[in-house]
Amino acid sequence: MSTRTAPAAKVDPVTASIIRHGLDAAADQMLVALKRTAFSPIIYEVMDGAGAFYDRRFRMLSQMTALPMFTGSLGLAVESVVKHYEANEGIQEGDVLVVNDPFVTGTHQWDVAVIVPGFLDGEIVCYAAIKAHHLDVAALAPFVTESTDVFQEGTIWPGVKLWKQGRRDDDLYRMFLANTRLPDSAAGDLNAQAGACHAGLRAVLELIERYGLEKFEAAVETILDAGEATMREKLAEFPRGRFTGTVVHEHNGFEEVMIPYEVAVEFVEDGIVIDLTGAPEPQPGPVNAPVIGVISAIRCAMMALAIQDGGRANEGYFRPLQLKSRPGSMIDAQSPAPVALASYPLYILIEGLNEAIANAMPDARPAGYDMVVTLFMWGKDDGDQVWIDSVNITGGAPAAAPYGDGGAPLMPIACSGVRSVSWEVWEAKTPMIVESCDFAIDSHGVGKHRGGPGWTVLLKALRPMDLTIVNERSRVPPFALAGAEKGRRNEVLIHRPDGSSVEYSKVTATHLPEGSVIEMKLSGGSGVGPAAERAPEKVATDVAEGYLSEERARDKYPHAF
C-alpha cells in the first residue's frame with residue numbers, strides 16, 4: 001500500500017525523533033487552527049474531521065488527533081487529485097484543491113477535503129490535507145438514507161483548484177456556495193480548512209528549513225521504517241493462518257434485511273492479508289462503500305493493534321497490510337452506486353476484523369463495540385432561515401476486554417477522535433432541549449468482565465422540524481467473547497404529540513411536530529468470559545452503583561448471592 005525509498009543521507013535517531021515530534025506538533029497546530037476558525041459545531045465541537053501531512057510521494061508523515069477513518073484514506077485522495085493535475089496544467093504555489101468525490105475520498109459527499117501543497121524554493125516538498133463534514137451539499141435532504149445513486153447524494157467536486165496561485169476562483173466559489181442550503185456555514189468551514197492547512201504547512205516548512213530537505217527526507221525514511229518495524233513486531237505475535245469473523249448488516253437503506261458475510265484475516269510471513277472477496281452484492285440503498293474507504297477501515301483496525309503508547313500513525317505502519325476485495329461488491333462499490341452511508345458498513349467491517357483477530361488470539365482484542373446512532377435535523381427559524389444540525393456519533397459503550405470491564409461511553413476506533421456533541425452547545429444552536437441523558441440500568445452484557453453501560457437520551461423538539469435517522473446495531477448487538485453475553489440493542493423511537501410512537505432504524509426526513517420527543521436507547525458493551533466467573537464483590541458494586549438491578553444480578557450471577 002506504500003512505497004519505500006532508500007534515504008539519500010544518513011540521520012541519527014535523535015534527530016529523526018525530534019523531526020517526528022516536530023511533525024506531530026505541526027499537526028496539533030493544524031487541529032487548533034481548524035477548531036478555532038470552523039463555523040459549524042459538527043467540526044469545532046464534535047470534531048467530525050481530520051487532517052494529516054504527506055511527503056511528495058504521498059506518504060503520511062503525521063496526523064491530527066482526530067477522526068482516524070478520514071486520515072486512513074486521505075493520502076490516496078491527495079495522490080489521485082495531484083496526479084490529475086500533474087498530467088494536465090500542473091500545480092503551482094498558492095493553489096488550493098477541493099474534492100468530495102466519494103470514490104476518491106472513501107466516504108461520502110458531505111466529507112469535503114481541502115488539499116494544500118507545500119513549496120520550498122519553487123518545489124513541492126509536502127502536502128497538508130483536511131477532510132471535514134459539511135452540513136449540506138445539496139442532496140435530496142441534508143442527510144439521506146434512501147438514495148439510489150451517488151448523484152442523489154449531493155454535488156460532486158472531483159478535485160478542483162478553488163484557489164489558483166493564491167487567487168480565489170470566484171466562479172467556482174460561487175458555484176460551491178450555490179450548491180448548499182447553508183452557504184454561510186459552507187463558506188466558513190471551507191475557509192477554516194484552507195487556513196488550517198496553511199497554518200500546519202508553515203510549521204512543517206520551518207522544520208524542513210531548519211534541518212535541510214535532504215536530512216528531513218532521510219529522517220522521514222527512518223520514521224516510516226520504525227513504523228513498519230512496530231507493525232511487523234506486533235503481527236509476529238499472532239499464529240500463522242486464516243481466521244474469520246462474521247459481519248451482519250441489518251438494513252439496505254430501504255428495508256430491514258440481514259446481509260451477512262465473512263471477513264477473513266490471514267497472518268502470513270510477510271505481513272497480514274485481509275480477504276473481503278466474500279462481500280455481498282451491491283445494495284439498492286446507500287450502504288455501499290468505496291474501496292478507498294475500505295482501505296482506511298483496515299488501517300484503523302490494524303493501528304488499534306500496533307499503537308499502544310499514544311503514538312501516531314504514519315505510512316510505515318501500513319506497509320505489511322494487503323487487501324483482497326471484489327470490485328463491484330458492496331464494499332468495493334463502483335460509481336454510480338449510492339454511498340451516503342458508507343461510513344457505517346466500514347465501522348461494522350472493523351468489528352468483523354476485530355472478531356477475526358480475537359479468534360486468532362483471544363487476549364488481543366476486546367469484545368465488540370457499540371455502533372453509532374446519527375440524527376440530522378433541520379427546519380426554519382423565526383426569521384424563516386434554514387437551520388441544520390446533527391447529533392452526530394452518539395453511543396460507543398465500550399466492550400469488556402480480557403483484562404477488565406468496559407467503562408463509560410467512548411467512540412469506536414474509527415472515530416476515536418470524535419466527541420458526542422456538547423448538549424449545551426447543541427441546545428444553543430437548535431430549537432431542541434435535552435430532557436434527560438443517563439446511564440441505562442441492565443443495558444450492558446454480563447460476563448466475567450461486563451461491558452460498559454449504555455445510556456438513554458430524551459430530546460424534545462421546541463418547533464416543527466424534519467429528521468433523518470441512521471441507527472446501526474438495531475437488531476444484532478456487537479459480539480461477545482468467551483461465553484459472555486451481548487449488550488442490549490440500539491433503539492431510536494419517535495414519540496409524537498398525538499400519542500403515537502414509532503421505532504426507526506433508518507429514515508429520511510420524517511416530520512416531527514412541535515413537542516415531539518426523540519428517545520435513544522443506546523446499547524451497552526458486550527462482555528468477556530463466563531458470568532459464573534465474575535467476582536461477587538464486583539456484582540455487588542454494580543448493583544450499588546446502579547448499573548445492574550438486583551433482579552438481573554440474581555438471575556445472571558446467582559453465585560454472588
# chains A, B, ... in the order shown; residues from 1 in each chain; ligands from 1

$ residues_around --residues "A:Glu519" --least-positions-apart "5" --cutoff "6 Å" --atoms "only C-alpha atoms" --output "PyMOL selection string"
chain A and resi 457-458+492-493

$ select_by_dssp --residues "stretch 179-418 of chain A" --states "helix (DSSP H, G or I)" --output "VMD selection string"
chain A and resid 183 to 211 213 to 235 291 to 306 315 to 318 343 to 360 413 to 415

$ residues_around --residues "stretch 162-179 of chain A" --least-positions-apart "3" --cutoff "6 Å" --atoms "only C-alpha atoms" --output "NGL selection string"
:A and (92-97 or 138 or 183)

$ select_by_dssp --residues "stretch 377-526 of chain A" --states "strand (DSSP E or B)" --output "PyMOL selection string"
chain A and resi 377-380+386-395+401+404+432-439+449+455-461+465-471+481+491-495+501-503+506-512+517-521

$ closest_atom_pairs --of "stretch 267-346 of chain A" --to "stretch 355-358 of chain A" --cutoff "10 Å" --atoms "only C-alpha atoms" --output "JSON lines"
{"residue": "A:Phe267", "atom": "CA", "partner": "A:Ile357", "partner_atom": "CA", "distance": 9.6}
{"residue": "A:Ala301", "atom": "CA", "partner": "A:Ile357", "partner_atom": "CA", "distance": 9.7}
{"residue": "A:Met302", "atom": "CA", "partner": "A:Ile357", "partner_atom": "CA", "distance": 9.8}
{"residue": "A:Leu305", "atom": "CA", "partner": "A:Ile357", "partner_atom": "CA", "distance": 9.6}

$ closest_atom_pairs --of "stretch 77-176 of chain A" --to "stretch 339-347 of chain A" --cutoff "7 Å" --atoms "only C-alpha atoms" --output "Markdown table"
| residue | atom | partner | partner_atom | distance |
| --- | --- | --- | --- | --- |
| A:Thr107 | CA | A:Ala342 | CA | 5.5 |
| A:His108 | CA | A:Ala340 | CA | 5.3 |
| A:Val144 | CA | A:Ala340 | CA | 6.8 |
| A:Thr145 | CA | A:Leu341 | CA | 6.9 |
| A:Val150 | CA | A:Val339 | CA | 6.3 |
| A:Glu153 | CA | A:Ala340 | CA | 6.3 |

$ write_last_selection --atoms "N, CA and C atoms" --output "mmCIF file, in the first residue's frame"
data_model
loop_
_atom_site.group_PDB
_atom_site.id
_atom_site.type_symbol
_atom_site.label_atom_id
_atom_site.label_comp_id
_atom_site.auth_asym_id
_atom_site.auth_seq_id
_atom_site.Cartn_x
_atom_site.Cartn_y
_atom_site.Cartn_z
ATOM 1 N N THR A 107 -15.504 8.160 1.496
ATOM 2 C CA THR A 107 -16.721 8.178 2.324
ATOM 3 C C THR A 107 -17.903 8.720 1.514
ATOM 4 N N HIS A 108 -18.345 9.960 1.736
ATOM 5 C CA HIS A 108 -19.489 10.479 1.006
ATOM 6 C C HIS A 108 -19.283 11.967 0.722
ATOM 7 N N VAL A 144 -29.297 11.671 3.890
ATOM 8 C CA VAL A 144 -30.227 10.745 3.249
ATOM 9 C C VAL A 144 -29.886 9.304 3.581
ATOM 10 N N THR A 145 -30.926 8.475 3.616
ATOM 11 C CA THR A 145 -30.768 7.031 3.802
ATOM 12 C C THR A 145 -31.425 6.247 2.672
ATOM 13 N N VAL A 150 -25.324 7.816 -6.587
ATOM 14 C CA VAL A 150 -24.478 8.820 -5.946
ATOM 15 C C VAL A 150 -24.895 10.242 -6.306
ATOM 16 N N GLU A 153 -26.986 12.243 -3.880
ATOM 17 C CA GLU A 153 -26.369 12.461 -2.577
ATOM 18 C C GLU A 153 -25.590 13.767 -2.487
#

$ closest_atom_pairs --of "stretch 255-324 of chain A" --to "stretch 221-226 of chain A" --cutoff "12 Å" --atoms "only C-alpha atoms" --output "CSV"
residue,atom,partner,partner_atom,distance
A:Ala306,CA,A:Ala226,CA,11.8
A:Gly311,CA,A:Ala226,CA,11.8
A:Arg312,CA,A:Ile223,CA,11.1
A:Ala313,CA,A:Leu224,CA,9.5
A:Asn314,CA,A:Leu224,CA,6.5
A:Glu315,CA,A:Leu224,CA,6.2
A:Gly316,CA,A:Leu224,CA,4.1
A:Tyr317,CA,A:Leu224,CA,7.2
A:Phe318,CA,A:Leu224,CA,9.4
A:Arg319,CA,A:Leu224,CA,9.2
A:Pro320,CA,A:Asp225,CA,11.3

$ write_last_selection --atoms "all heavy atoms" --output "compact mmCIF listing (two decimals), in the first residue's frame"
# COMPACT_ATOMS: atom_id res chain seq x y z
N ALA A 306 -1.36 -1.93 16.84
CA ALA A 306 0.05 -1.59 16.86
C ALA A 306 0.40 -0.45 17.79
O ALA A 306 1.50 -0.42 18.35
CB ALA A 306 0.52 -1.25 15.43
N GLY A 311 1.19 6.89 20.45
CA GLY A 311 1.86 7.34 19.24
C GLY A 311 0.87 7.62 18.12
O GLY A 311 -0.33 7.42 18.27
N ARG A 312 1.39 8.06 16.98
CA ARG A 312 0.53 8.40 15.84
C ARG A 312 0.92 7.59 14.62
O ARG A 312 2.07 7.20 14.45
CB ARG A 312 0.63 9.89 15.52
CG ARG A 312 0.29 10.77 16.70
CD ARG A 312 0.10 12.20 16.30
NE ARG A 312 0.14 13.09 17.46
CZ ARG A 312 -0.12 14.38 17.43
NH1 ARG A 312 -0.44 14.95 16.29
NH2 ARG A 312 -0.05 15.11 18.53
N ALA A 313 -0.07 7.38 13.77
CA ALA A 313 0.16 6.59 12.57
C ALA A 313 1.03 7.34 11.58
O ALA A 313 1.03 8.57 11.52
CB ALA A 313 -1.18 6.26 11.92
N ASN A 314 1.79 6.57 10.81
CA ASN A 314 2.43 7.09 9.61
C ASN A 314 2.41 5.98 8.57
O ASN A 314 1.99 4.85 8.86
CB ASN A 314 3.86 7.59 9.89
CG ASN A 314 4.78 6.50 10.39
OD1 ASN A 314 4.94 5.46 9.76
ND2 ASN A 314 5.38 6.74 11.56
N GLU A 315 2.83 6.28 7.37
CA GLU A 315 2.69 5.35 6.26
C GLU A 315 3.43 4.04 6.48
O GLU A 315 3.06 3.00 5.95
CB GLU A 315 3.17 5.99 4.96
CG GLU A 315 2.61 5.38 3.70
CD GLU A 315 1.16 5.79 3.45
OE1 GLU A 315 0.75 6.84 3.98
OE2 GLU A 315 0.45 5.07 2.72
N GLY A 316 4.50 4.07 7.28
CA GLY A 316 5.27 2.86 7.50
C GLY A 316 4.46 1.74 8.13
O GLY A 316 4.66 0.56 7.82
N TYR A 317 3.53 2.10 9.02
CA TYR A 317 2.70 1.09 9.66
C TYR A 317 1.89 0.29 8.65
O TYR A 317 1.51 -0.85 8.91
CB TYR A 317 1.75 1.74 10.66
CG TYR A 317 2.38 2.22 11.94
CD1 TYR A 317 2.87 3.52 12.06
CD2 TYR A 317 2.49 1.38 13.04
CE1 TYR A 317 3.43 3.96 13.25
CE2 TYR A 317 3.05 1.81 14.23
CZ TYR A 317 3.53 3.11 14.33
OH TYR A 317 4.09 3.54 15.50
N PHE A 318 1.59 0.87 7.51
CA PHE A 318 0.68 0.24 6.56
C PHE A 318 1.37 -0.68 5.58
O PHE A 318 0.71 -1.39 4.81
CB PHE A 318 -0.08 1.32 5.78
CG PHE A 318 -0.75 2.35 6.64
CD1 PHE A 318 -0.85 3.68 6.21
CD2 PHE A 318 -1.27 2.02 7.87
CE1 PHE A 318 -1.45 4.63 7.01
CE2 PHE A 318 -1.88 2.97 8.67
CZ PHE A 318 -1.97 4.28 8.24
N ARG A 319 2.71 -0.71 5.57
CA ARG A 319 3.43 -1.50 4.57
C ARG A 319 3.12 -2.99 4.64
O ARG A 319 3.04 -3.64 3.59
CB ARG A 319 4.94 -1.27 4.72
CG ARG A 319 5.40 0.11 4.26
CD ARG A 319 6.85 0.35 4.62
NE ARG A 319 7.34 1.63 4.10
CZ ARG A 319 8.48 2.19 4.48
NH1 ARG A 319 9.23 1.59 5.40
NH2 ARG A 319 8.86 3.34 3.97
N PRO A 320 2.92 -3.58 5.83
CA PRO A 320 2.66 -5.03 5.86
C PRO A 320 1.22 -5.41 5.51
O PRO A 320 0.90 -6.60 5.53
CB PRO A 320 2.95 -5.40 7.33
CG PRO A 320 3.71 -4.25 7.90
CD PRO A 320 3.20 -3.05 7.18

$ closest_residue --among "A:Phe216, A:Tyr127, A:Tyr369, A:Trp387" --to "A:Gly524" --atoms "only C-alpha atoms"
A:Tyr369

$ atom_distance --atom1 "atom CA of A:Ala139" --atom2 "atom CA of A:Gly285"
14.5 Å

$ closest_residue --among "A:Ile350, A:Ala16, A:Leu190, A:Met231" --to "A:Ala367" --atoms "only C-alpha atoms"
A:Ile350
